[in-house]
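Novice: mmCIF, C-alpha atoms, pLDDT in the B column; chains and numbers go by the auth columns, file model.cif:
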```
data_structure
#
loop_
_atom_site.group_PDB
_atom_site.id
_atom_site.type_symbol
_atom_site.label_atom_id
_atom_site.label_comp_id
_atom_site.label_asym_id
_atom_site.label_seq_id
_atom_site.Cartn_x
_atom_site.Cartn_y
_atom_site.Cartn_z
_atom_site.B_iso_or_equiv
_atom_site.auth_seq_id
_atom_site.auth_asym_id
ATOM 1 C CA LEU A 1 13.351 -12.585 0.866 91.00 8 A
ATOM 2 C CA LEU A 2 10.907 -12.453 -2.049 95.00 9 A
ATOM 3 C CA GLN A 3 10.738 -16.223 -2.329 96.00 10 A
ATOM 4 C CA LEU A 4 10.252 -16.556 1.418 94.00 11 A
ATOM 5 C CA MET A 5 7.320 -14.113 1.259 94.00 12 A
ATOM 6 C CA ALA A 6 5.822 -16.086 -1.618 94.00 13 A
ATOM 7 C CA ASP A 7 6.175 -19.390 0.248 93.00 14 A
ATOM 8 C CA ARG A 8 4.942 -18.344 3.689 92.00 15 A
ATOM 9 C CA PRO A 9 1.284 -17.327 4.182 88.00 16 A
ATOM 10 C CA ASN A 10 2.132 -15.843 7.588 90.00 17 A
ATOM 11 C CA VAL A 11 4.236 -13.077 5.973 93.00 18 A
ATOM 12 C CA CYS A 12 2.293 -9.998 4.876 93.00 19 A
ATOM 13 C CA ASN A 13 2.191 -9.491 1.088 95.00 20 A
ATOM 14 C CA HIS A 14 3.442 -5.919 1.268 97.00 21 A
ATOM 15 C CA LEU A 15 6.787 -4.283 0.480 98.00 22 A
ATOM 16 C CA HIS A 16 7.845 -0.722 1.207 98.00 23 A
ATOM 17 C CA MET A 17 10.220 0.228 -1.603 98.00 24 A
ATOM 18 C CA PRO A 18 11.167 3.921 -1.256 98.00 25 A
ATOM 19 C CA ALA A 19 12.082 5.345 -4.647 98.00 26 A
ATOM 20 C CA GLN A 20 12.432 9.018 -3.590 98.00 27 A
ATOM 21 C CA SER A 21 12.689 9.990 -7.270 98.00 28 A
ATOM 22 C CA GLY A 22 12.145 8.451 -10.688 98.00 29 A
ATOM 23 C CA SER A 23 15.187 10.211 -12.142 98.00 30 A
ATOM 24 C CA THR A 24 18.556 8.466 -12.202 98.00 31 A
ATOM 25 C CA SER A 25 20.373 11.816 -12.127 98.00 32 A
ATOM 26 C CA VAL A 26 18.465 12.930 -9.015 98.00 33 A
ATOM 27 C CA LEU A 27 19.049 9.552 -7.358 98.00 34 A
ATOM 28 C CA ARG A 28 22.763 9.997 -8.054 98.00 35 A
ATOM 29 C CA ARG A 29 22.750 13.435 -6.385 97.00 36 A
ATOM 30 C CA MET A 30 20.850 11.921 -3.448 97.00 37 A
ATOM 31 C CA ARG A 31 23.508 9.174 -3.230 96.00 38 A
ATOM 32 C CA ARG A 32 20.810 6.524 -3.229 96.00 39 A
ATOM 33 C CA GLY A 33 23.045 3.835 -4.714 96.00 40 A
ATOM 34 C CA TYR A 34 20.668 2.639 -7.443 97.00 41 A
ATOM 35 C CA SER A 35 19.349 3.810 -10.805 98.00 42 A
ATOM 36 C CA ARG A 36 15.801 4.053 -12.130 98.00 43 A
ATOM 37 C CA ASP A 37 16.356 0.925 -14.241 98.00 44 A
ATOM 38 C CA ALA A 38 17.720 -1.076 -11.289 98.00 45 A
ATOM 39 C CA TYR A 39 14.734 -0.046 -9.183 98.00 46 A
ATOM 40 C CA LEU A 40 12.276 -1.091 -11.885 98.00 47 A
ATOM 41 C CA ARG A 41 13.993 -4.459 -12.244 98.00 48 A
ATOM 42 C CA LEU A 42 13.491 -5.027 -8.516 98.00 49 A
ATOM 43 C CA ILE A 43 9.819 -4.081 -8.855 98.00 50 A
ATOM 44 C CA ASP A 44 9.446 -6.576 -11.702 98.00 51 A
ATOM 45 C CA ASP A 45 11.156 -9.296 -9.638 98.00 52 A
ATOM 46 C CA ALA A 46 8.823 -8.639 -6.702 98.00 53 A
ATOM 47 C CA ARG A 47 5.660 -8.804 -8.799 97.00 54 A
ATOM 48 C CA THR A 48 6.823 -11.878 -10.699 97.00 55 A
ATOM 49 C CA THR A 49 7.631 -13.757 -7.491 97.00 56 A
ATOM 50 C CA ILE A 50 4.630 -12.462 -5.491 97.00 57 A
ATOM 51 C CA PRO A 51 1.829 -11.567 -7.950 95.00 58 A
ATOM 52 C CA SER A 52 -0.461 -10.281 -5.174 93.00 59 A
ATOM 53 C CA VAL A 53 2.161 -8.082 -3.494 97.00 60 A
ATOM 54 C CA ALA A 54 1.214 -4.520 -2.560 97.00 61 A
ATOM 55 C CA LEU A 55 3.868 -1.837 -2.964 98.00 62 A
ATOM 56 C CA SER A 56 4.359 1.425 -1.112 98.00 63 A
ATOM 57 C CA SER A 57 6.991 4.104 -1.601 98.00 64 A
ATOM 58 C CA ASP A 58 8.342 7.533 -0.621 98.00 65 A
ATOM 59 C CA PHE A 59 8.711 10.493 -2.974 98.00 66 A
ATOM 60 C CA ILE A 60 10.368 13.886 -2.595 98.00 67 A
ATOM 61 C CA ALA A 61 9.419 16.823 -4.810 98.00 68 A
ATOM 62 C CA GLY A 62 11.946 19.564 -5.558 98.00 69 A
ATOM 63 C CA PHE A 63 15.262 18.076 -4.458 98.00 70 A
ATOM 64 C CA CYS A 64 18.299 20.292 -5.025 98.00 71 A
ATOM 65 C CA GLY A 65 18.677 21.150 -8.727 97.00 72 A
ATOM 66 C CA GLU A 66 15.647 19.130 -9.825 98.00 73 A
ATOM 67 C CA THR A 67 14.566 20.080 -13.345 98.00 74 A
ATOM 68 C CA GLU A 68 11.141 19.732 -14.909 98.00 75 A
ATOM 69 C CA GLU A 69 12.394 16.750 -16.915 98.00 76 A
ATOM 70 C CA GLU A 70 13.620 15.031 -13.759 98.00 77 A
ATOM 71 C CA HIS A 71 10.267 15.726 -12.121 98.00 78 A
ATOM 72 C CA ARG A 72 8.475 14.167 -15.095 98.00 79 A
ATOM 73 C CA ASP A 73 10.664 11.081 -14.637 98.00 80 A
ATOM 74 C CA THR A 74 9.154 10.693 -11.172 98.00 81 A
ATOM 75 C CA LEU A 75 5.619 11.028 -12.530 98.00 82 A
ATOM 76 C CA SER A 76 6.317 8.446 -15.234 98.00 83 A
ATOM 77 C CA LEU A 77 7.776 6.020 -12.673 98.00 84 A
ATOM 78 C CA MET A 78 4.612 6.319 -10.607 98.00 85 A
ATOM 79 C CA GLU A 79 2.449 5.761 -13.687 98.00 86 A
ATOM 80 C CA HIS A 80 4.465 2.657 -14.546 98.00 87 A
ATOM 81 C CA VAL A 81 4.535 1.026 -11.099 98.00 88 A
ATOM 82 C CA VAL A 82 1.107 2.122 -9.743 98.00 89 A
ATOM 83 C CA TYR A 83 1.686 2.064 -5.987 98.00 90 A
ATOM 84 C CA ASP A 84 -0.794 0.910 -3.362 98.00 91 A
ATOM 85 C CA GLN A 85 0.403 3.533 -0.877 98.00 92 A
ATOM 86 C CA ALA A 86 2.813 6.458 -1.039 98.00 93 A
ATOM 87 C CA PHE A 87 4.294 9.024 1.321 98.00 94 A
ATOM 88 C CA MET A 88 4.944 12.252 -0.558 98.00 95 A
ATOM 89 C CA PHE A 89 6.727 15.399 0.588 98.00 96 A
ATOM 90 C CA ALA A 90 8.247 18.624 -0.674 98.00 97 A
ATOM 91 C CA TYR A 91 12.011 18.731 -0.120 98.00 98 A
ATOM 92 C CA SER A 92 13.384 20.712 2.813 96.00 99 A
ATOM 93 C CA MET A 93 17.089 21.006 3.543 93.00 100 A
ATOM 94 C CA ARG A 94 18.327 19.234 6.666 91.00 101 A
ATOM 95 C CA GLY A 95 21.538 20.027 8.463 90.00 102 A
ATOM 96 C CA LYS A 96 24.517 17.675 8.655 87.00 103 A
ATOM 97 C CA THR A 97 23.608 15.922 5.392 91.00 104 A
ATOM 98 C CA HIS A 98 25.526 15.533 2.145 92.00 105 A
ATOM 99 C CA ALA A 99 23.064 17.873 0.415 93.00 106 A
ATOM 100 C CA HIS A 100 23.497 20.495 3.152 92.00 107 A
ATOM 101 C CA ARG A 101 27.274 20.387 2.819 93.00 108 A
ATOM 102 C CA THR A 102 27.554 20.316 -0.960 94.00 109 A
ATOM 103 C CA MET A 103 24.340 21.551 -2.624 96.00 110 A
ATOM 104 C CA VAL A 104 21.990 24.503 -2.798 96.00 111 A
ATOM 105 C CA ASP A 105 18.267 24.230 -2.065 96.00 112 A
ATOM 106 C CA ASP A 106 17.517 26.105 -5.282 96.00 113 A
ATOM 107 C CA VAL A 107 14.036 24.927 -6.299 98.00 114 A
ATOM 108 C CA LEU A 108 11.516 27.650 -5.488 98.00 115 A
ATOM 109 C CA GLU A 109 8.921 26.791 -2.841 97.00 116 A
ATOM 110 C CA ASP A 110 5.966 27.369 -5.158 98.00 117 A
ATOM 111 C CA VAL A 111 7.560 25.038 -7.707 98.00 118 A
ATOM 112 C CA LYS A 112 8.080 22.367 -5.036 98.00 119 A
ATOM 113 C CA GLN A 113 4.455 22.616 -3.973 98.00 120 A
ATOM 114 C CA ARG A 114 3.164 22.436 -7.555 98.00 121 A
ATOM 115 C CA ARG A 115 5.298 19.373 -8.266 98.00 122 A
ATOM 116 C CA LEU A 116 4.177 17.774 -5.008 98.00 123 A
ATOM 117 C CA GLN A 117 0.522 18.265 -5.951 98.00 124 A
ATOM 118 C CA GLU A 118 1.183 16.654 -9.337 98.00 125 A
ATOM 119 C CA ILE A 119 2.800 13.671 -7.614 98.00 126 A
ATOM 120 C CA ILE A 120 -0.145 13.349 -5.220 98.00 127 A
ATOM 121 C CA ALA A 121 -2.643 13.595 -8.087 98.00 128 A
ATOM 122 C CA VAL A 122 -0.948 10.803 -10.056 98.00 129 A
ATOM 123 C CA PHE A 123 -0.878 8.561 -6.983 98.00 130 A
ATOM 124 C CA ARG A 124 -4.523 9.162 -6.074 98.00 131 A
ATOM 125 C CA THR A 125 -5.804 8.619 -9.596 98.00 132 A
ATOM 126 C CA ASN A 126 -3.838 5.422 -10.078 98.00 133 A
ATOM 127 C CA VAL A 127 -4.544 3.858 -6.683 98.00 134 A
ATOM 128 C CA GLN A 128 -8.278 4.416 -7.113 97.00 135 A
ATOM 129 C CA LYS A 129 -8.264 2.697 -10.504 97.00 136 A
ATOM 130 C CA ARG A 130 -6.030 -0.131 -9.279 96.00 137 A
ATOM 131 C CA ASN A 131 -8.190 -0.898 -6.251 97.00 138 A
ATOM 132 C CA GLU A 132 -11.400 -0.767 -8.294 97.00 139 A
ATOM 133 C CA GLN A 133 -9.905 -3.328 -10.675 96.00 140 A
ATOM 134 C CA THR A 134 -8.250 -5.652 -8.152 95.00 141 A
ATOM 135 C CA GLU A 135 -10.193 -5.361 -4.881 97.00 142 A
ATOM 136 C CA LEU A 136 -13.937 -5.013 -5.505 97.00 143 A
ATOM 137 C CA GLY A 137 -15.716 -8.301 -4.822 96.00 144 A
ATOM 138 C CA GLN A 138 -12.623 -9.996 -3.390 96.00 145 A
ATOM 139 C CA HIS A 139 -12.618 -11.944 -0.131 96.00 146 A
ATOM 140 C CA ARG A 140 -9.674 -10.668 1.913 96.00 147 A
ATOM 141 C CA LEU A 141 -8.019 -12.024 5.019 96.00 148 A
ATOM 142 C CA VAL A 142 -8.148 -9.185 7.553 97.00 149 A
ATOM 143 C CA LEU A 143 -6.484 -8.687 10.938 97.00 150 A
ATOM 144 C CA VAL A 144 -8.980 -6.815 13.126 97.00 151 A
ATOM 145 C CA GLU A 145 -7.479 -3.697 14.732 97.00 152 A
ATOM 146 C CA GLY A 146 -10.536 -2.297 16.502 95.00 153 A
ATOM 147 C CA PRO A 147 -12.992 0.618 16.304 94.00 154 A
ATOM 148 C CA SER A 148 -12.768 3.062 13.421 89.00 155 A
ATOM 149 C CA ARG A 149 -10.946 6.318 14.155 81.00 156 A
ATOM 150 C CA LYS A 150 -14.143 8.322 13.582 75.00 157 A
ATOM 151 C CA LYS A 151 -15.708 8.891 17.004 61.00 158 A
ATOM 152 C CA THR A 152 -19.244 8.871 15.598 62.00 159 A
ATOM 153 C CA SER A 153 -18.763 5.635 13.664 73.00 160 A
ATOM 154 C CA THR A 154 -19.871 2.186 14.776 86.00 161 A
ATOM 155 C CA SER A 155 -17.579 0.590 12.229 94.00 162 A
ATOM 156 C CA TRP A 156 -14.343 -1.254 12.929 96.00 163 A
ATOM 157 C CA ASN A 157 -11.213 -1.427 10.820 96.00 164 A
ATOM 158 C CA GLY A 158 -8.343 -3.753 10.117 97.00 165 A
ATOM 159 C CA ARG A 159 -5.537 -4.556 7.701 97.00 166 A
ATOM 160 C CA THR A 160 -5.678 -6.900 4.748 97.00 167 A
ATOM 161 C CA ASP A 161 -2.880 -9.282 3.838 95.00 168 A
ATOM 162 C CA GLN A 162 -1.595 -6.513 1.542 96.00 169 A
ATOM 163 C CA ASN A 163 -1.501 -4.063 4.500 97.00 170 A
ATOM 164 C CA LYS A 164 -4.446 -2.079 3.135 97.00 171 A
ATOM 165 C CA ARG A 165 -6.762 -0.424 5.631 97.00 172 A
ATOM 166 C CA ILE A 166 -10.326 -1.713 5.410 97.00 173 A
ATOM 167 C CA VAL A 167 -13.423 -0.515 7.283 96.00 174 A
ATOM 168 C CA PHE A 168 -16.435 -2.756 7.976 96.00 175 A
ATOM 169 C CA PRO A 169 -19.562 -2.742 10.184 95.00 176 A
ATOM 170 C CA HIS A 170 -19.058 -4.020 13.725 94.00 177 A
ATOM 171 C CA GLU A 171 -21.656 -6.776 13.887 93.00 178 A
ATOM 172 C CA PRO A 172 -21.799 -10.495 14.769 93.00 179 A
ATOM 173 C CA ILE A 173 -20.145 -12.813 12.249 93.00 180 A
ATOM 174 C CA ARG A 174 -20.081 -16.554 11.705 92.00 181 A
ATOM 175 C CA SER A 175 -17.624 -18.360 13.935 89.00 182 A
ATOM 176 C CA SER A 176 -16.117 -20.303 11.053 82.00 183 A
ATOM 177 C CA SER A 177 -16.416 -21.094 7.369 73.00 184 A
ATOM 178 C CA SER A 178 -18.151 -24.444 7.962 65.00 185 A
ATOM 179 C CA PHE A 179 -21.399 -23.038 6.538 57.00 186 A
ATOM 180 C CA ILE A 180 -19.738 -23.214 3.101 60.00 187 A
ATOM 181 C CA ASN A 181 -20.220 -26.970 3.350 56.00 188 A
ATOM 182 C CA ASP A 182 -23.891 -26.555 4.370 54.00 189 A
ATOM 183 C CA ASP A 183 -23.182 -26.932 8.088 55.00 190 A
ATOM 184 C CA ALA A 184 -26.238 -25.377 9.707 55.00 191 A
ATOM 185 C CA THR A 185 -24.703 -25.484 13.199 62.00 192 A
ATOM 186 C CA THR A 186 -22.370 -22.519 12.621 71.00 193 A
ATOM 187 C CA THR A 187 -22.800 -20.023 15.459 87.00 194 A
ATOM 188 C CA MET A 188 -22.555 -16.212 15.412 90.00 195 A
ATOM 189 C CA VAL A 189 -19.827 -14.479 17.448 93.00 196 A
ATOM 190 C CA GLU A 190 -18.622 -10.974 18.209 94.00 197 A
ATOM 191 C CA MET A 191 -15.385 -10.053 16.452 94.00 198 A
ATOM 192 C CA GLN A 192 -12.487 -9.090 18.725 95.00 199 A
ATOM 193 C CA LYS A 193 -9.275 -7.133 18.305 96.00 200 A
ATOM 194 C CA GLY A 194 -6.614 -9.487 17.011 97.00 201 A
ATOM 195 C CA ASP A 195 -9.061 -11.801 15.236 97.00 202 A
ATOM 196 C CA TYR A 196 -8.498 -12.907 11.674 97.00 203 A
ATOM 197 C CA ILE A 197 -11.704 -12.535 9.684 97.00 204 A
ATOM 198 C CA VAL A 198 -12.777 -12.802 6.057 97.00 205 A
ATOM 199 C CA VAL A 199 -14.121 -9.561 4.600 97.00 206 A
ATOM 200 C CA GLU A 200 -15.786 -9.091 1.220 97.00 207 A
ATOM 201 C CA VAL A 201 -14.605 -5.817 -0.339 98.00 208 A
ATOM 202 C CA ASN A 202 -17.519 -3.697 -1.538 97.00 209 A
ATOM 203 C CA GLY A 203 -16.059 -0.200 -1.751 97.00 210 A
ATOM 204 C CA VAL A 204 -12.884 1.720 -2.596 97.00 211 A
ATOM 205 C CA ARG A 205 -11.809 5.085 -1.214 94.00 212 A
ATOM 206 C CA GLY A 206 -8.416 5.753 -2.732 95.00 213 A
ATOM 207 C CA HIS A 207 -5.914 3.577 -0.884 94.00 214 A
ATOM 208 C CA SER A 208 -8.502 2.467 1.716 96.00 215 A
ATOM 209 C CA LEU A 209 -11.253 -0.134 1.342 98.00 216 A
ATOM 210 C CA THR A 210 -14.685 -0.807 2.778 97.00 217 A
ATOM 211 C CA GLY A 211 -16.315 -4.183 3.130 97.00 218 A
ATOM 212 C CA ARG A 212 -18.615 -6.633 4.900 96.00 219 A
ATOM 213 C CA ALA A 213 -17.240 -8.998 7.531 96.00 220 A
ATOM 214 C CA LEU A 214 -18.267 -12.586 6.803 95.00 221 A
ATOM 215 C CA TRP A 215 -16.691 -15.057 9.242 95.00 222 A
ATOM 216 C CA ARG A 216 -13.849 -15.628 11.662 95.00 223 A
ATOM 217 C CA THR A 217 -10.898 -17.637 10.394 94.00 224 A
ATOM 218 C CA THR A 218 -7.226 -18.483 10.885 93.00 225 A
ATOM 219 C CA LEU A 219 -4.235 -18.042 8.613 90.00 226 A
ATOM 220 C CA GLN A 220 -4.076 -21.771 7.918 88.00 227 A
ATOM 221 C CA GLU A 221 -7.803 -22.140 7.289 90.00 228 A
ATOM 222 C CA PHE A 222 -8.009 -19.125 4.984 91.00 229 A
ATOM 223 C CA TYR A 223 -5.209 -20.233 2.697 87.00 230 A
ATOM 224 C CA GLN A 224 -6.440 -23.817 2.623 84.00 231 A
ATOM 225 C CA GLN A 225 -9.844 -22.580 1.413 81.00 232 A
ATOM 226 C CA GLU A 226 -8.694 -19.637 -0.714 73.00 233 A
ATOM 227 C CA ASP A 227 -9.531 -21.345 -4.013 67.00 234 A
ATOM 228 C CA MET A 228 -13.124 -21.918 -2.818 66.00 235 A
ATOM 229 C CA LEU A 229 -13.789 -18.261 -2.021 63.00 236 A
#
```
Translate this structure into structure tokens?
Specialist:
Amino acid sequence: LLQLMADRPNVCNHLHMPAQSGSTSVLRRMRRGYSRDAYLRLIDDARTTIPSVALSSDFIAGFCGETEEEHRDTLSLMEHVVYDQAFMFAYSMRGKTHAHRTMVDDVLEDVKQRRLQEIIAVFRTNVQKRNEQTELGQHRLVLVEGPSRKKTSTSWNGRTDQNKRIVFPHEPIRSSSSFINDDATTTMVEMQKGDYIVVEVNGVRGHSLTGRALWRTTLQEFYQQEDML
């Protein structure tokens, strides 16, 4: 799968790799079937094979019996990997599960919430730094999704090849990249939902980006010209 993603430009450079916890002992109690070390080896394989891959994950704070040391293992995993997106929750017992049948939901609610806030803080700090270092000034291939969710905004949004949300002004753009070769005949067009466009990233807001739409493109054209951008 990793090699296929690396070889095919029409496959999004994003992997959702739910860790749930950074502690091997917690993962064992969750019956996840992998250890912290095995998970990190998979992360290393993904980034070696696909250097530009974006990673997202899930994390649960306060699973049954979780100690402060086990919680710190989760924080250290997040510091090591530096995720591009994360879905983070405090644990709540669900019926008809292995934990419900065999364990006690014994982590106090205020402790769960404090640990959750620490997890969120680590993610937000790291994703801001990562995007400032890797995204600002880059030309990204973007699939246009449509108007921004803010009712008062005239901006549109889309998804980059790393599945990152990016917001940009809704304004006419060049119909192609031919102007790069000094072709003065390039016309201006209105972007449409479903278009592929090139956007220059000029701002970072945590895990979301802002930018300026430059021209309409195709998957094939973008990757053929990527080294020129």
Novice: Rank A:Gln169, A:Thr225, A:Ser64, A:Ser215 by their smallest atom-to-atom distance to Tyr90 (chain A), using only C-alpha atoms, and report the top residue only.
Specialist: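 Of all the options, A:Ser64 lies closest to Tyr90 (chain A).
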Novice: Can you work out which one of A:Leu84, A:Leu221, A:Met12, A:Met198 has the shortest atom-to-atom distance to Gly29 (chain A), counting all atoms listed in the file?
Specialist: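 With all atoms listed in the file as the atom set, the closest residue is A:Leu84.
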Novice: Please measure the separation of CA of Val149 (chain A) and CA of Ala128 (chain A), giving the value in Å to one decimal.
Specialist: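 Going from CA of Val149 (chain A) over to CA of Ala128 (chain A) covers 28.2 Å.
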Novice: Using only C-alpha atoms, determine which residues lie at most 10 Å from Val60 (chain A), disregarding the query and same-chain residues fewer than 2 positions distant; provide the list as a VMD selection string.
Specialist: chain A and resid 9 12 to 13 19 to 22 53 to 58 62 91 168 to 170
Novice: Okay, now the selection with C-alpha atoms, as a tab-separated table (two decimals), keeping the file's coordinate frame?
Specialist:
```
chain	number	residue	atom	x	y	z
A	9	LEU	CA	10.91	-12.45	-2.05
A	12	MET	CA	7.32	-14.11	1.26
A	13	ALA	CA	5.82	-16.09	-1.62
A	19	CYS	CA	2.29	-10.00	4.88
A	20	ASN	CA	2.19	-9.49	1.09
A	21	HIS	CA	3.44	-5.92	1.27
A	22	LEU	CA	6.79	-4.28	0.48
A	53	ALA	CA	8.82	-8.64	-6.70
A	54	ARG	CA	5.66	-8.80	-8.80
A	55	THR	CA	6.82	-11.88	-10.70
A	56	THR	CA	7.63	-13.76	-7.49
A	57	ILE	CA	4.63	-12.46	-5.49
A	58	PRO	CA	1.83	-11.57	-7.95
A	62	LEU	CA	3.87	-1.84	-2.96
A	91	ASP	CA	-0.79	0.91	-3.36
A	168	ASP	CA	-2.88	-9.28	3.84
A	169	GLN	CA	-1.60	-6.51	1.54
A	170	ASN	CA	-1.50	-4.06	4.50
```
Novice: Could you tell me how far CA of Thr74 (chain A) lies from CA of Met24 (chain A), in Å and to one decimal?
Specialist: 23.5 Å
Novice: Under the PyMOL selection byres ((chain A and resi 173-180) around 6), which residues of this model are included? Write them out as a list in words.
Specialist: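 Applied to this file, the PyMOL selection byres ((chain A and resi 173-180) around 6) selects Ser162, Trp163, Asn164, Gly165, Arg172, Arg181, Met195, Val196, Glu197, Ser215, Leu216, Thr217, Gly218, Arg219, Leu221 and Trp222 of chain A.
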Novice: Expressed in Å to a single decimal, how great is the separation between CA of Glu228 (chain A) and CA of Val206 (chain A)?
Specialist: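 Rounded to one decimal, the two atoms are 14.3 Å apart.
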Novice: Expand the PyMOL selection byres ((chain A and resi 140-142) around 10) into the explicit residue set it covers here, and present it as a PyMOL selection string.
Specialist: chain A and resi 59+134-139+143-147+207-211+216-217
Novice: Please write as a list in words the full residue list that the PyMOL selection byres ((chain A and resi 25) around 8) yields on this file.
Specialist: His23, Met24, Ala26, Gln27, Ser63, Ser64, Asp65 and Phe66 of chain A
Novice: From the set A:Thr161, A:Thr224, A:Ser30, A:Ser184, which residue has the shortest atom-to-atom contact distance to Asp202 (chain A), counting only C-alpha atoms?
Specialist: A:Thr224
Novice: Would you list the contacts of region 108-114 of chain A as an NGL selection string, taking every protein, DNA or RNA residue within 9 Å and counting all atoms listed in the file, but skipping same-chain residues closer than 5 positions in sequence?
Specialist: :A and (69-74 or 98-100 or 102-103 or 119)
Novice: Identify, on the basis of all atoms listed in the file, every residue whose closest approach to Leu82 (chain A) does not exceed 9 Å; exclude the query and any residue fewer than 6 positions from it along the same chain; express the result as a list in words.
Specialist: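 Selected residues are Ser28, Gly29, Glu125, Ile126, Val129 and Phe130 of chain A.
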Novice: May I have the selected residues written with C-alpha atoms, as a compact mmCIF listing (two decimals), in the coordinates of the input?
Specialist:
```txt
# COMPACT_ATOMS: atom_id res chain seq x y z
CA SER A 28 12.69 9.99 -7.27
CA GLY A 29 12.14 8.45 -10.69
CA GLU A 125 1.18 16.65 -9.34
CA ILE A 126 2.80 13.67 -7.61
CA VAL A 129 -0.95 10.80 -10.06
CA PHE A 130 -0.88 8.56 -6.98
```
Novice: Pick from A:Thr194, A:Leu148, A:Leu47, A:Asp52: nearest to Ala220 (chain A), with all atoms listed in the file counted?
Specialist: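 Among the listed residues, the smallest separation from Ala220 (chain A) belongs to A:Leu148.
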Novice: Select, from A:Asp51, A:Lys200, A:Ser182, A:Glu77, the residue with the minimum atom-to-atom distance to Pro154 (chain A), counting only C-alpha atoms.
Specialist: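 Smallest separation from Pro154 (chain A) among the options: A:Lys200.
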Novice: Can you report as JSON the centre and edge lengths in Å, to one decimal, of an axis-aligned box around the listed atoms of region 125-131 of chain A padded with 5 Å on each side?
Specialist:
```
{"center_x": -0.9, "center_y": 12.6, "center_z": -7.6, "size_x": 17.3, "size_y": 18.1, "size_z": 14.8}
```
